[in-house]
Amino acid sequence: METARVNIVYRPVRVAWAIHSADRESFRTAMRYTHTMWGGRFNPVIFVDQPEQSKQLIEAFRVDHIIPIGDAPAVVGFPHIYPHLIDPIFGHRLFYDGQDGTGRACFLDVHNALLHWSSKPEWREFRKQGFRKLRWQEADALSDALLMQFGGYPEASEINIDYGEILSNVAPVSDIDLPVKGVISAETLKYPGISYLSKLAIKPHWSVKAGWKHPGFFLGRSEELQDLVACWNVRAADNSIVFVDIDHGGRYSDLIAQAEVEFTRQLAGEPEFAKSIAVWSRTQEHFENAAALLGDGVRMHCLLDAHTWNGLNLLPPTMYLGEATSLGVIGEREGNARISFALNDKPFHSDAWFHTQNLVATFSTFAQQKLFEMPYVPELNEPVARSMGIEYNKLRIEPKGMGIIIDAADHDLSVQAYAPDQLIKQVFALAGLDAKLSSGGLIARQLISRLGGADGGRAFKIPGVRRLLKTYGPTVAFSEHAALQAIGQSNPTTGAKFSDHANLYIEPRASGNLTPQSVFGHLVEKGLFRIGSELTCPSCNLTSWTALDNLKQNNSCELCGTTYDSTRQLVGTEFKYRRTGILGVEKNTQGAIPVVLTLQQLSVNMSHISGGVVLAPSYDLIPRTGVALPKCETDFVVIQSERYPDKASVIIGECKDEGDRINQTDIDNLGRVSDAMPKERFDVYILLARLSPFNSDEVALARSLNGEHVRRVILLSNDELEPYHMYERANARLGTKFYGFDGESMANATDAIYFRTTSNQ
């Protein structure tokens with residue numbers, strides 16, 4: 001039974017609180033609820049009546065679940081805008097009413113955090129210094145800002161859980177009472193409190209590229225709910241931020257002084273240019289108050305605008321509790337591969353009492369030819385879950401792995417592999433297209449399977465091999481001498497020679513150069529040709545070919561049916577070979593060879609992404625009802641995952657043999673399909689491959705697919721397909737250092753080689 005290493009990342013469920021921008025009471029409710037959750041400090045608040053920004057925040061925070069707070073229709077209906085974020089609990093609940101009269105949390109909460117950590121040696125320091133809880137009066141003008149900054153819990157009577165009492169049972173808690181208009185004590189930053197507990201021992205994971213991380217002060221007004229939510233979301237993106245109300249600056253004097261000390265300590269290890277403490281604000285005017293409120297030190301101004309949450313600037317990391325490694329066992333159930341593994345080394349309390357508390361276990365693994373990971377396309381959560389045997393509302397596709405919502409008491413998982421063909425069909429479905437494997441794709445797929453995978457098509461780099469396949473149709477027999485002569489000949493069109501591939505490895509060999517004999521032996525062994533003999537029937541005097549497996553001393557003529565003694569003919573006869581059905585019934589193999597060679601070259605040059613590339617041959621693309629797209633074909637599909645926030649790449653295209661040409665229809669169809677793909681999820685490239693040089697008309701047609709600031713077309717001729725490294729010949733000719741490790745690098749190389757020169761033929 002096959003095994004594979006499984007990496008597991010445990011993290012809290014990331015909840016988005018959906019409220020109306022005019023509903024301050026819902027904001028207060030969200031703040032109290034989120035501080036009950038372990039990881040609640042990293043849950044964003046979304047204004048449902050600001051659709052553009054809400055969409056950016058949902059995407060930037062990679063939200064798992066949306067909880068609406070409030071009765072406004074826009075709030076209640078907001079989760080339906082994101083149907084792929086299916087409620088994993090049902091009813092958008094946060095708490096259950098237990099049979100014993102106590103409440104139970106639906107998500108990992110601070111009670112779990114306290115029980116888990118209070119039994120560890122690290123907790124001694126917390127017991128020694130104790131917690132500090134700031135208390136203020138509702139009449140205080142800063143009450144909402146203080147709730148956002150320092151946290152609070154819902155009333156025990158509301159949820160049947162007294163989190164304040166739970167905290168006091170495991171560590172001493174000192175209350176700090178803040179008089180109305182009083183100065184906020186610096187002790188609230190010196191000691192851990194409610195806000196700190198909601199992020200206890202949670203760290204950013206490496207799987208997401210870091211965005212802005214600038215500790216500092218947020219200048220705003222408590223009376224402006226927009227300011228409070230903006231500050232909260234910056235903090236939820238793992239930034240250490242202290243809110244300062246510009247109308248009550250004097251009350252923050254002690255807090256500012258202590259925060260300066262903390263921020264300076266955090267920035268001590270940063271480069272000199274990045275050591276400035278940040279000042280955040282929603283409006284440029286507030287920066288004018290910075291010196292008066294914060295002093296004359298050097299500050300970094302961070303203005304929150306429409307581009308802040310575009311995924312390129314302020315990018316929230318994935319916040320996780322801990323990692324573990326497990327041994328996955330791969331078996332089969334009903335013909336489908338499944339991987340089963342234990343949930344080891346849980347960094348939380350997993351007692352059965354916490355079985356109602358949900359969190360995310362993100363697993364990643366690489367098992368050859370079995371797809372357990374896929375590009376970050378969360379819109380596919382439900383169909384992928386159903387195909388992988390997971391509850392339809394429990395899967396969350398993540399930038400690096402598959403997140404499954406589990407309860408704290410779960411001890412193992414079993415997941416079915418997802419077929420690459422299913423992924424491709426789902427990706428095209430997002431563009432309104434049904435993808436069906438074409439007849440040419442069936443031949444190419446069988447050929448790739450027979451060769452042992454995409455990289456098995458290396459022999460097709462040799463022009464003589466391709467000439468051999470084109471010279472002899474499926475019913476024509478030929479001798480070994482004729483095969484070796486065809487393989488060893490130079491290409492009269494391109495001048496390519498067999499010796500160009502003397503160092504090519506198509507299979508393991510001890511030493512020496514590649515020879516036509518070893519190439520032909522490899523092709524016969526892989527089942528591309530069958531061995532037999534040509535015999536002449538004495539009755540009808542016609543010659544027919546008989547496969548070696550069927551050859552006997554007495555043979556039957558396949559033409560007239562006469563049985564005859566063929567002993568004399570077999571003595572000293574030379575074996576003759578025929579192309580097998582694996583290559584198709586047509587002489588040109590329905591274009592399978594250019595497709596297989598293109599996929600082989602891409603598989604090698606894009607192999608730096610471990611398990612992150614899906615390659616498949618030809619699909620017919622059929623538009624769904626009401627979709628204004630052409631019915632057409634793509635000769636291959638390549639899907640390459642990238643590190644978030646870089647989008648996954650999809651490469652589609654057309655492959656031509658030596659005598660075929662790229663035409664306007666090819667360009668129009670591929671361009672329209674490319675334009676229909678969701679741009680927020682994919683960078684789509686169009687690859688045009690040809691087994692001989694492109695002419696000037698083809699280059700001009702290809703160039704038309706690009707825009708002024710868009711490079712999406714890739715050209716691969718025999719010069720790029722025949723070498724082992726894609727741009728080996730071009731680099732030697734031009735003195736460049738092009739690589740073909742992803743769609744962008746190939747599109748840039750194409751632009752430089754084909755579109756910026758005038759010598760294309």
# chains A, B, ... in the order shown; residues from 1 in each chain; ligands from 1
call {"tool": "select_by_dssp", "arguments": {"residues": "segment 95-298 of chain A", "states": "strand (DSSP E)", "output": "ChimeraX atom specification"}}
result
/A:95-97,103-105,131-135,173-177,203-204,216-220,241-245,277-281
call {"tool": "write_last_selection", "arguments": {"atoms": "N, CA, C and O atoms", "output": "short mmCIF file (atom, residue, chain, number, x, y, z; two decimals), in the first residue's frame"}}
result
data_model
loop_
_atom_site.label_atom_id
_atom_site.label_comp_id
_atom_site.auth_asym_id
_atom_site.auth_seq_id
_atom_site.Cartn_x
_atom_site.Cartn_y
_atom_site.Cartn_z
N PHE A 95 -23.16 29.91 19.02
CA PHE A 95 -23.27 29.19 20.27
C PHE A 95 -24.47 28.24 20.23
O PHE A 95 -25.49 28.54 19.63
N TYR A 96 -24.28 27.08 20.88
CA TYR A 96 -25.37 26.15 21.10
C TYR A 96 -25.84 26.29 22.55
O TYR A 96 -25.06 26.63 23.44
N ASP A 97 -27.08 25.98 22.77
CA ASP A 97 -27.58 25.86 24.13
C ASP A 97 -27.46 24.41 24.56
O ASP A 97 -28.13 23.52 24.01
N GLY A 103 -23.87 27.09 27.68
CA GLY A 103 -23.70 27.30 26.26
C GLY A 103 -22.46 26.58 25.74
O GLY A 103 -21.53 26.29 26.49
N ARG A 104 -22.46 26.28 24.48
CA ARG A 104 -21.32 25.65 23.82
C ARG A 104 -20.96 26.48 22.59
O ARG A 104 -21.84 26.83 21.79
N ALA A 105 -19.68 26.80 22.44
CA ALA A 105 -19.23 27.58 21.29
C ALA A 105 -19.17 26.72 20.04
O ALA A 105 -18.83 25.53 20.10
N PHE A 131 -3.55 39.05 34.27
CA PHE A 131 -4.20 39.76 33.17
C PHE A 131 -4.73 41.11 33.66
O PHE A 131 -5.02 41.29 34.85
N ARG A 132 -4.85 42.05 32.75
CA ARG A 132 -5.44 43.35 33.05
C ARG A 132 -6.67 43.53 32.17
O ARG A 132 -6.63 43.30 30.96
N LYS A 133 -7.77 43.94 32.81
CA LYS A 133 -9.02 44.14 32.08
C LYS A 133 -9.49 45.58 32.29
O LYS A 133 -9.77 46.00 33.42
N LEU A 134 -9.53 46.33 31.19
CA LEU A 134 -9.95 47.73 31.25
C LEU A 134 -11.48 47.80 31.29
O LEU A 134 -12.16 47.15 30.49
N ARG A 135 -11.98 48.59 32.24
CA ARG A 135 -13.44 48.77 32.33
C ARG A 135 -13.75 50.26 32.18
O ARG A 135 -13.05 51.12 32.73
N VAL A 173 -6.84 38.17 37.50
CA VAL A 173 -7.29 39.25 36.63
C VAL A 173 -7.48 40.51 37.47
O VAL A 173 -8.18 40.47 38.49
N SER A 174 -6.85 41.60 37.06
CA SER A 174 -7.00 42.88 37.74
C SER A 174 -7.80 43.81 36.85
O SER A 174 -7.47 43.99 35.67
N ASP A 175 -8.85 44.41 37.41
CA ASP A 175 -9.66 45.37 36.67
C ASP A 175 -9.06 46.76 36.79
O ASP A 175 -8.63 47.18 37.87
N ILE A 176 -9.01 47.46 35.65
CA ILE A 176 -8.57 48.86 35.63
C ILE A 176 -9.78 49.70 35.24
O ILE A 176 -10.27 49.61 34.12
N ASP A 177 -10.28 50.47 36.18
CA ASP A 177 -11.46 51.30 35.93
C ASP A 177 -11.02 52.63 35.33
O ASP A 177 -10.13 53.31 35.85
N LYS A 203 0.25 32.54 14.95
CA LYS A 203 1.35 33.11 14.16
C LYS A 203 0.95 33.18 12.68
O LYS A 203 0.11 32.40 12.23
N PRO A 204 1.62 34.05 11.90
CA PRO A 204 1.39 34.08 10.45
C PRO A 204 2.11 32.94 9.76
O PRO A 204 3.25 32.61 10.10
N GLY A 216 2.05 50.77 14.54
CA GLY A 216 1.96 52.20 14.74
C GLY A 216 0.61 52.63 15.28
O GLY A 216 -0.10 51.85 15.94
N PHE A 217 0.22 53.83 14.96
CA PHE A 217 -0.99 54.45 15.49
C PHE A 217 -2.00 54.70 14.38
O PHE A 217 -1.62 55.03 13.25
N PHE A 218 -3.26 54.54 14.73
CA PHE A 218 -4.35 54.87 13.80
C PHE A 218 -5.02 56.14 14.31
O PHE A 218 -5.52 56.18 15.44
N LEU A 219 -5.04 57.18 13.48
CA LEU A 219 -5.67 58.44 13.86
C LEU A 219 -7.07 58.49 13.26
O LEU A 219 -7.25 58.33 12.05
N GLY A 220 -8.03 58.71 14.14
CA GLY A 220 -9.42 58.79 13.68
C GLY A 220 -10.30 59.33 14.78
O GLY A 220 -9.83 59.90 15.76
N ILE A 241 -1.50 47.88 16.21
CA ILE A 241 -2.02 49.23 16.01
C ILE A 241 -2.71 49.71 17.28
O ILE A 241 -3.45 48.95 17.91
N VAL A 242 -2.46 50.96 17.63
CA VAL A 242 -3.17 51.61 18.73
C VAL A 242 -4.02 52.73 18.15
O VAL A 242 -3.49 53.61 17.45
N PHE A 243 -5.32 52.68 18.43
CA PHE A 243 -6.23 53.72 17.96
C PHE A 243 -6.08 54.96 18.84
O PHE A 243 -6.07 54.87 20.08
N VAL A 244 -5.96 56.14 18.21
CA VAL A 244 -5.87 57.42 18.91
C VAL A 244 -6.96 58.33 18.36
O VAL A 244 -6.96 58.64 17.17
N ASP A 245 -7.87 58.74 19.24
CA ASP A 245 -8.94 59.65 18.84
C ASP A 245 -8.36 61.07 18.80
O ASP A 245 -7.89 61.58 19.83
N ILE A 277 7.96 54.24 12.91
CA ILE A 277 6.64 53.86 13.40
C ILE A 277 5.59 54.46 12.47
O ILE A 277 5.69 55.62 12.06
N ALA A 278 4.57 53.66 12.14
CA ALA A 278 3.58 54.07 11.14
C ALA A 278 2.46 54.90 11.78
O ALA A 278 2.14 54.75 12.96
N VAL A 279 1.91 55.75 10.96
CA VAL A 279 0.68 56.47 11.30
C VAL A 279 -0.34 56.13 10.22
O VAL A 279 -0.13 56.41 9.03
N TRP A 280 -1.45 55.51 10.63
CA TRP A 280 -2.51 55.10 9.71
C TRP A 280 -3.69 56.05 9.84
O TRP A 280 -3.98 56.58 10.91
N SER A 281 -4.39 56.23 8.73
CA SER A 281 -5.61 57.03 8.77
C SER A 281 -6.39 56.83 7.48
O SER A 281 -5.84 56.41 6.46
#
call {"tool": "residues_around", "arguments": {"residues": "segment 538-547 of chain A", "least_positions_apart": "4", "cutoff": "9 Å", "atoms": "only C-alpha atoms", "output": "number ranges by chain"}}
result
A: 475-477, 530-534, 551, 555, 557-560, 562, 564, 576-578
call {"tool": "write_last_selection", "arguments": {"atoms": "all heavy atoms", "output": "short mmCIF file (atom, residue, chain, number, x, y, z; two decimals), in the first residue's frame"}}
result
data_model
loop_
_atom_site.label_atom_id
_atom_site.label_comp_id
_atom_site.auth_asym_id
_atom_site.auth_seq_id
_atom_site.Cartn_x
_atom_site.Cartn_y
_atom_site.Cartn_z
N THR A 475 -1.41 0.83 -41.80
CA THR A 475 -1.52 -0.46 -42.51
C THR A 475 -0.28 -0.78 -43.33
O THR A 475 -0.26 -1.75 -44.08
CB THR A 475 -2.74 -0.44 -43.44
OG1 THR A 475 -2.58 0.60 -44.42
CG2 THR A 475 -4.02 -0.23 -42.65
N VAL A 476 0.75 0.04 -43.19
CA VAL A 476 1.98 -0.14 -43.99
C VAL A 476 3.06 -0.75 -43.11
O VAL A 476 3.36 -0.24 -42.03
CB VAL A 476 2.46 1.20 -44.57
CG1 VAL A 476 3.74 1.00 -45.36
CG2 VAL A 476 1.37 1.82 -45.43
N ALA A 477 3.65 -1.86 -43.58
CA ALA A 477 4.74 -2.51 -42.86
C ALA A 477 6.08 -2.00 -43.39
O ALA A 477 6.21 -1.64 -44.56
CB ALA A 477 4.65 -4.03 -43.02
N ARG A 530 4.55 -2.64 -33.61
CA ARG A 530 4.45 -4.08 -33.37
C ARG A 530 5.35 -4.82 -34.34
O ARG A 530 5.53 -4.42 -35.49
CB ARG A 530 3.01 -4.56 -33.53
CG ARG A 530 2.04 -3.95 -32.52
CD ARG A 530 0.66 -4.53 -32.71
NE ARG A 530 0.62 -5.95 -32.37
CZ ARG A 530 -0.39 -6.76 -32.66
NH1 ARG A 530 -1.44 -6.29 -33.34
NH2 ARG A 530 -0.36 -8.03 -32.30
N ILE A 531 5.90 -5.92 -33.84
CA ILE A 531 6.78 -6.75 -34.67
C ILE A 531 5.94 -7.83 -35.35
O ILE A 531 5.02 -8.40 -34.76
CB ILE A 531 7.86 -7.42 -33.80
CG1 ILE A 531 8.60 -6.36 -32.97
CG2 ILE A 531 8.85 -8.21 -34.65
CD1 ILE A 531 9.58 -6.96 -31.98
N GLY A 532 6.27 -8.11 -36.61
CA GLY A 532 5.58 -9.16 -37.34
C GLY A 532 6.35 -9.56 -38.59
O GLY A 532 7.54 -9.25 -38.73
N SER A 533 5.63 -10.20 -39.49
CA SER A 533 6.27 -10.65 -40.73
C SER A 533 5.26 -10.56 -41.87
O SER A 533 4.05 -10.73 -41.66
CB SER A 533 6.75 -12.09 -40.58
OG SER A 533 7.39 -12.53 -41.76
N GLU A 534 5.76 -10.24 -43.06
CA GLU A 534 4.92 -10.22 -44.25
C GLU A 534 5.00 -11.58 -44.95
O GLU A 534 6.09 -12.06 -45.27
CB GLU A 534 5.35 -9.11 -45.20
CG GLU A 534 4.90 -7.73 -44.77
CD GLU A 534 5.11 -6.68 -45.85
OE1 GLU A 534 6.11 -6.80 -46.59
OE2 GLU A 534 4.29 -5.76 -45.95
N LEU A 551 2.05 -15.38 -35.14
CA LEU A 551 2.79 -16.07 -36.21
C LEU A 551 3.01 -17.54 -35.85
O LEU A 551 3.45 -17.88 -34.74
CB LEU A 551 4.14 -15.37 -36.40
CG LEU A 551 4.81 -15.51 -37.77
CD1 LEU A 551 3.91 -14.99 -38.87
CD2 LEU A 551 6.13 -14.75 -37.75
N ASN A 555 -0.36 -20.62 -41.12
CA ASN A 555 -1.04 -19.35 -40.92
C ASN A 555 -2.20 -19.22 -41.89
O ASN A 555 -2.22 -19.83 -42.96
CB ASN A 555 -0.07 -18.19 -41.14
CG ASN A 555 1.02 -18.16 -40.08
OD1 ASN A 555 0.81 -17.72 -38.97
ND2 ASN A 555 2.22 -18.65 -40.45
N CYS A 557 -4.50 -16.75 -44.29
CA CYS A 557 -4.44 -15.49 -45.03
C CYS A 557 -5.58 -14.59 -44.54
O CYS A 557 -6.75 -15.00 -44.53
CB CYS A 557 -4.58 -15.75 -46.53
SG CYS A 557 -4.62 -14.22 -47.51
N GLU A 558 -5.24 -13.38 -44.11
CA GLU A 558 -6.27 -12.46 -43.61
C GLU A 558 -7.13 -11.89 -44.73
O GLU A 558 -8.16 -11.28 -44.48
CB GLU A 558 -5.63 -11.32 -42.82
CG GLU A 558 -4.76 -10.39 -43.68
CD GLU A 558 -4.23 -9.20 -42.91
OE1 GLU A 558 -4.32 -9.17 -41.67
OE2 GLU A 558 -3.71 -8.29 -43.59
N LEU A 559 -6.72 -12.16 -46.00
CA LEU A 559 -7.46 -11.61 -47.13
C LEU A 559 -8.46 -12.63 -47.71
O LEU A 559 -9.63 -12.31 -47.94
CB LEU A 559 -6.48 -11.16 -48.22
CG LEU A 559 -5.47 -10.09 -47.77
CD1 LEU A 559 -4.48 -9.79 -48.88
CD2 LEU A 559 -6.20 -8.81 -47.36
N CYS A 560 -7.98 -13.88 -47.96
CA CYS A 560 -8.88 -14.88 -48.54
C CYS A 560 -9.25 -15.99 -47.58
O CYS A 560 -10.12 -16.81 -47.87
CB CYS A 560 -8.28 -15.48 -49.82
SG CYS A 560 -6.85 -16.57 -49.51
N THR A 562 -7.44 -18.60 -46.62
CA THR A 562 -6.80 -19.89 -46.85
C THR A 562 -5.72 -20.13 -45.80
O THR A 562 -4.93 -19.24 -45.48
CB THR A 562 -6.16 -19.92 -48.25
OG1 THR A 562 -7.18 -19.72 -49.22
CG2 THR A 562 -5.46 -21.25 -48.50
N TYR A 564 -2.28 -22.04 -44.86
CA TYR A 564 -1.17 -22.58 -45.65
C TYR A 564 0.06 -22.72 -44.77
O TYR A 564 0.20 -22.08 -43.73
CB TYR A 564 -0.87 -21.67 -46.85
CG TYR A 564 -0.50 -20.25 -46.47
CD1 TYR A 564 0.84 -19.89 -46.33
CD2 TYR A 564 -1.48 -19.29 -46.26
CE1 TYR A 564 1.18 -18.59 -45.99
CE2 TYR A 564 -1.16 -18.00 -45.91
CZ TYR A 564 0.18 -17.65 -45.77
OH TYR A 564 0.52 -16.37 -45.42
N LYS A 576 9.14 -7.35 -40.04
CA LYS A 576 8.56 -6.09 -40.50
C LYS A 576 7.73 -5.49 -39.36
O LYS A 576 7.19 -6.21 -38.53
CB LYS A 576 7.67 -6.31 -41.73
CG LYS A 576 8.43 -6.75 -42.97
CD LYS A 576 9.37 -5.65 -43.46
CE LYS A 576 10.11 -6.06 -44.72
NZ LYS A 576 9.21 -6.09 -45.89
N TYR A 577 7.63 -4.19 -39.36
CA TYR A 577 6.99 -3.48 -38.24
C TYR A 577 5.80 -2.68 -38.74
O TYR A 577 5.77 -2.23 -39.88
CB TYR A 577 7.99 -2.53 -37.57
CG TYR A 577 9.18 -3.25 -36.98
CD1 TYR A 577 10.27 -3.61 -37.79
CD2 TYR A 577 9.22 -3.58 -35.63
CE1 TYR A 577 11.36 -4.28 -37.25
CE2 TYR A 577 10.32 -4.25 -35.10
CZ TYR A 577 11.38 -4.60 -35.90
OH TYR A 577 12.45 -5.27 -35.38
N ARG A 578 4.83 -2.53 -37.86
CA ARG A 578 3.66 -1.71 -38.14
C ARG A 578 3.37 -0.79 -36.96
O ARG A 578 3.62 -1.15 -35.81
CB ARG A 578 2.42 -2.58 -38.39
CG ARG A 578 2.17 -2.90 -39.84
CD ARG A 578 0.78 -3.51 -39.95
NE ARG A 578 0.47 -3.94 -41.30
CZ ARG A 578 -0.70 -4.46 -41.65
NH1 ARG A 578 -1.65 -4.63 -40.74
NH2 ARG A 578 -0.93 -4.83 -42.89
#
call {"tool": "residues_around", "arguments": {"residues": "Ala417 of chain A", "least_positions_apart": "3", "cutoff": "10 Å", "atoms": "only C-alpha atoms", "output": "mmCIF file with C-alpha atoms, in the first residue's frame"}}
result
data_model
loop_
_atom_site.group_PDB
_atom_site.id
_atom_site.type_symbol
_atom_site.label_atom_id
_atom_site.label_comp_id
_atom_site.auth_asym_id
_atom_site.auth_seq_id
_atom_site.Cartn_x
_atom_site.Cartn_y
_atom_site.Cartn_z
ATOM 1 C CA ILE A 330 -3.190 5.739 0.085
ATOM 2 C CA GLU A 332 -8.684 2.650 -3.091
ATOM 3 C CA ASN A 336 -10.924 5.966 -6.435
ATOM 4 C CA ALA A 337 -7.664 6.703 -4.648
ATOM 5 C CA ARG A 338 -8.063 7.895 -1.056
ATOM 6 C CA ILE A 339 -5.567 9.132 1.491
ATOM 7 C CA ALA A 367 1.328 11.737 -4.231
ATOM 8 C CA GLN A 369 -0.532 11.068 -10.320
ATOM 9 C CA LYS A 370 -3.048 11.749 -7.538
ATOM 10 C CA LEU A 371 -4.431 15.242 -7.082
ATOM 11 C CA PHE A 372 -4.872 16.263 -3.446
ATOM 12 C CA GLU A 373 -4.071 19.948 -3.995
ATOM 13 C CA VAL A 384 -14.470 19.713 -5.141
ATOM 14 C CA SER A 387 -15.807 14.817 -5.507
ATOM 15 C CA MET A 388 -13.321 14.286 -2.676
ATOM 16 C CA GLY A 389 -15.839 12.654 -0.370
ATOM 17 C CA SER A 414 -9.910 10.363 4.848
ATOM 18 C CA PRO A 420 -7.139 16.444 -12.964
#
call {"tool": "residues_around", "arguments": {"residues": "Leu528 of chain A", "least_positions_apart": "4", "cutoff": "8 Å", "atoms": "only C-alpha atoms", "output": "PDB file with N, CA, C and O atoms, in the first residue's frame"}}
result
ATOM      1  N   LEU A 523      10.959   2.769 -28.879  1.00  0.00           N
ATOM      2  CA  LEU A 523       9.612   2.954 -29.413  1.00  0.00           C
ATOM      3  C   LEU A 523       8.865   1.629 -29.531  1.00  0.00           C
ATOM      4  O   LEU A 523       7.660   1.555 -29.254  1.00  0.00           O
ATOM      5  N   VAL A 524       9.585   0.582 -29.930  1.00  0.00           N
ATOM      6  CA  VAL A 524       8.958  -0.736 -30.044  1.00  0.00           C
ATOM      7  C   VAL A 524       8.600  -1.266 -28.656  1.00  0.00           C
ATOM      8  O   VAL A 524       7.511  -1.804 -28.430  1.00  0.00           O
ATOM      9  N   ARG A 579       2.812   0.355 -37.284  1.00  0.00           N
ATOM     10  CA  ARG A 579       2.378   1.276 -36.241  1.00  0.00           C
ATOM     11  C   ARG A 579       1.173   0.683 -35.513  1.00  0.00           C
ATOM     12  O   ARG A 579       0.298   0.082 -36.142  1.00  0.00           O
ATOM     13  N   THR A 580       1.113   0.850 -34.196  1.00  0.00           N
ATOM     14  CA  THR A 580       0.008   0.276 -33.426  1.00  0.00           C
ATOM     15  C   THR A 580      -1.181   1.229 -33.381  1.00  0.00           C
ATOM     16  O   THR A 580      -1.072   2.421 -33.682  1.00  0.00           O
ATOM     17  N   ILE A 582      -2.429   2.518 -30.904  1.00  0.00           N
ATOM     18  CA  ILE A 582      -2.279   3.547 -29.886  1.00  0.00           C
ATOM     19  C   ILE A 582      -2.039   4.913 -30.510  1.00  0.00           C
ATOM     20  O   ILE A 582      -2.321   5.959 -29.934  1.00  0.00           O
ATOM     21  N   LEU A 583      -1.513   4.920 -31.742  1.00  0.00           N
ATOM     22  CA  LEU A 583      -1.238   6.175 -32.440  1.00  0.00           C
ATOM     23  C   LEU A 583      -2.409   6.619 -33.304  1.00  0.00           C
ATOM     24  O   LEU A 583      -2.303   7.611 -34.022  1.00  0.00           O
TER      25      LEU A 583
END
call {"tool": "residues_around", "arguments": {"residues": "Asp162 of chain A", "least_positions_apart": "2", "cutoff": "12 Å", "atoms": "only C-alpha atoms", "output": "compact mmCIF listing (two decimals) with N, CA, C and O atoms, in the first residue's frame"}}
result
# COMPACT_ATOMS: atom_id res chain seq x y z
N THR A 36 -14.53 36.34 21.93
CA THR A 36 -14.71 35.02 22.55
C THR A 36 -13.99 33.94 21.75
O THR A 36 -13.81 32.82 22.24
N THR A 102 -25.79 25.10 29.99
CA THR A 102 -24.61 25.88 29.65
C THR A 102 -24.53 26.03 28.13
O THR A 102 -25.03 25.19 27.37
N GLY A 103 -23.87 27.09 27.68
CA GLY A 103 -23.70 27.30 26.26
C GLY A 103 -22.46 26.58 25.74
O GLY A 103 -21.53 26.29 26.49
N ARG A 104 -22.46 26.28 24.48
CA ARG A 104 -21.32 25.65 23.82
C ARG A 104 -20.96 26.48 22.59
O ARG A 104 -21.84 26.83 21.79
N ALA A 105 -19.68 26.80 22.44
CA ALA A 105 -19.23 27.58 21.29
C ALA A 105 -19.17 26.72 20.04
O ALA A 105 -18.83 25.53 20.10
N VAL A 110 -11.79 31.02 23.37
CA VAL A 110 -10.71 31.32 24.30
C VAL A 110 -10.74 30.37 25.50
O VAL A 110 -9.72 30.19 26.18
N HIS A 111 -11.88 29.75 25.78
CA HIS A 111 -11.92 28.72 26.81
C HIS A 111 -10.99 27.57 26.43
O HIS A 111 -10.22 27.06 27.27
N GLY A 152 -13.93 42.90 24.81
CA GLY A 152 -14.96 42.68 25.81
C GLY A 152 -15.72 41.42 25.47
O GLY A 152 -15.58 40.87 24.37
N TYR A 153 -16.53 40.91 26.42
CA TYR A 153 -17.28 39.69 26.21
C TYR A 153 -18.78 39.96 26.28
O TYR A 153 -19.22 40.90 26.96
N PRO A 154 -19.58 39.15 25.61
CA PRO A 154 -21.04 39.28 25.75
C PRO A 154 -21.46 38.95 27.18
O PRO A 154 -20.74 38.26 27.92
N GLU A 155 -22.62 39.41 27.55
CA GLU A 155 -23.16 39.06 28.86
C GLU A 155 -23.37 37.55 28.93
O GLU A 155 -23.80 36.91 27.96
N ALA A 156 -23.05 36.99 30.10
CA ALA A 156 -23.21 35.54 30.28
C ALA A 156 -24.65 35.11 30.06
O ALA A 156 -24.92 34.01 29.55
N SER A 157 -25.60 35.97 30.42
CA SER A 157 -27.01 35.63 30.24
C SER A 157 -27.41 35.54 28.77
O SER A 157 -28.40 34.90 28.42
N GLU A 158 -26.63 36.16 27.91
CA GLU A 158 -26.94 36.16 26.47
C GLU A 158 -26.53 34.87 25.80
O GLU A 158 -27.23 34.35 24.92
N ILE A 159 -25.37 34.32 26.20
CA ILE A 159 -24.82 33.14 25.51
C ILE A 159 -24.65 31.94 26.43
O ILE A 159 -24.20 30.88 26.00
N ASN A 160 -24.99 32.10 27.70
CA ASN A 160 -24.85 31.03 28.69
C ASN A 160 -23.40 30.58 28.88
O ASN A 160 -23.14 29.44 29.26
N GLY A 164 -15.57 35.83 31.32
CA GLY A 164 -14.81 36.53 32.35
C GLY A 164 -14.47 35.62 33.51
O GLY A 164 -13.34 35.63 34.03
N GLU A 165 -15.43 34.81 33.93
CA GLU A 165 -15.18 33.88 35.03
C GLU A 165 -14.19 32.79 34.62
O GLU A 165 -13.33 32.38 35.41
N ILE A 166 -14.33 32.30 33.37
CA ILE A 166 -13.39 31.27 32.88
C ILE A 166 -11.96 31.79 32.94
O ILE A 166 -11.04 31.09 33.37
N LEU A 167 -11.75 33.05 32.53
CA LEU A 167 -10.42 33.64 32.55
C LEU A 167 -9.91 33.76 33.98
O LEU A 167 -8.75 33.42 34.27
N SER A 168 -10.75 34.21 34.90
CA SER A 168 -10.31 34.40 36.29
C SER A 168 -10.00 33.08 36.98
O SER A 168 -9.27 33.06 37.98
N ASN A 169 -10.51 31.96 36.45
CA ASN A 169 -10.25 30.66 37.06
C ASN A 169 -8.87 30.12 36.75
O ASN A 169 -8.40 29.19 37.43
call {"tool": "closest_residue", "arguments": {"among": "A:Ala236, A:Lys656, A:Asp742, A:Ser518", "to": "Met319 of chain A", "atoms": "only C-alpha atoms"}}
result
A:Ala236
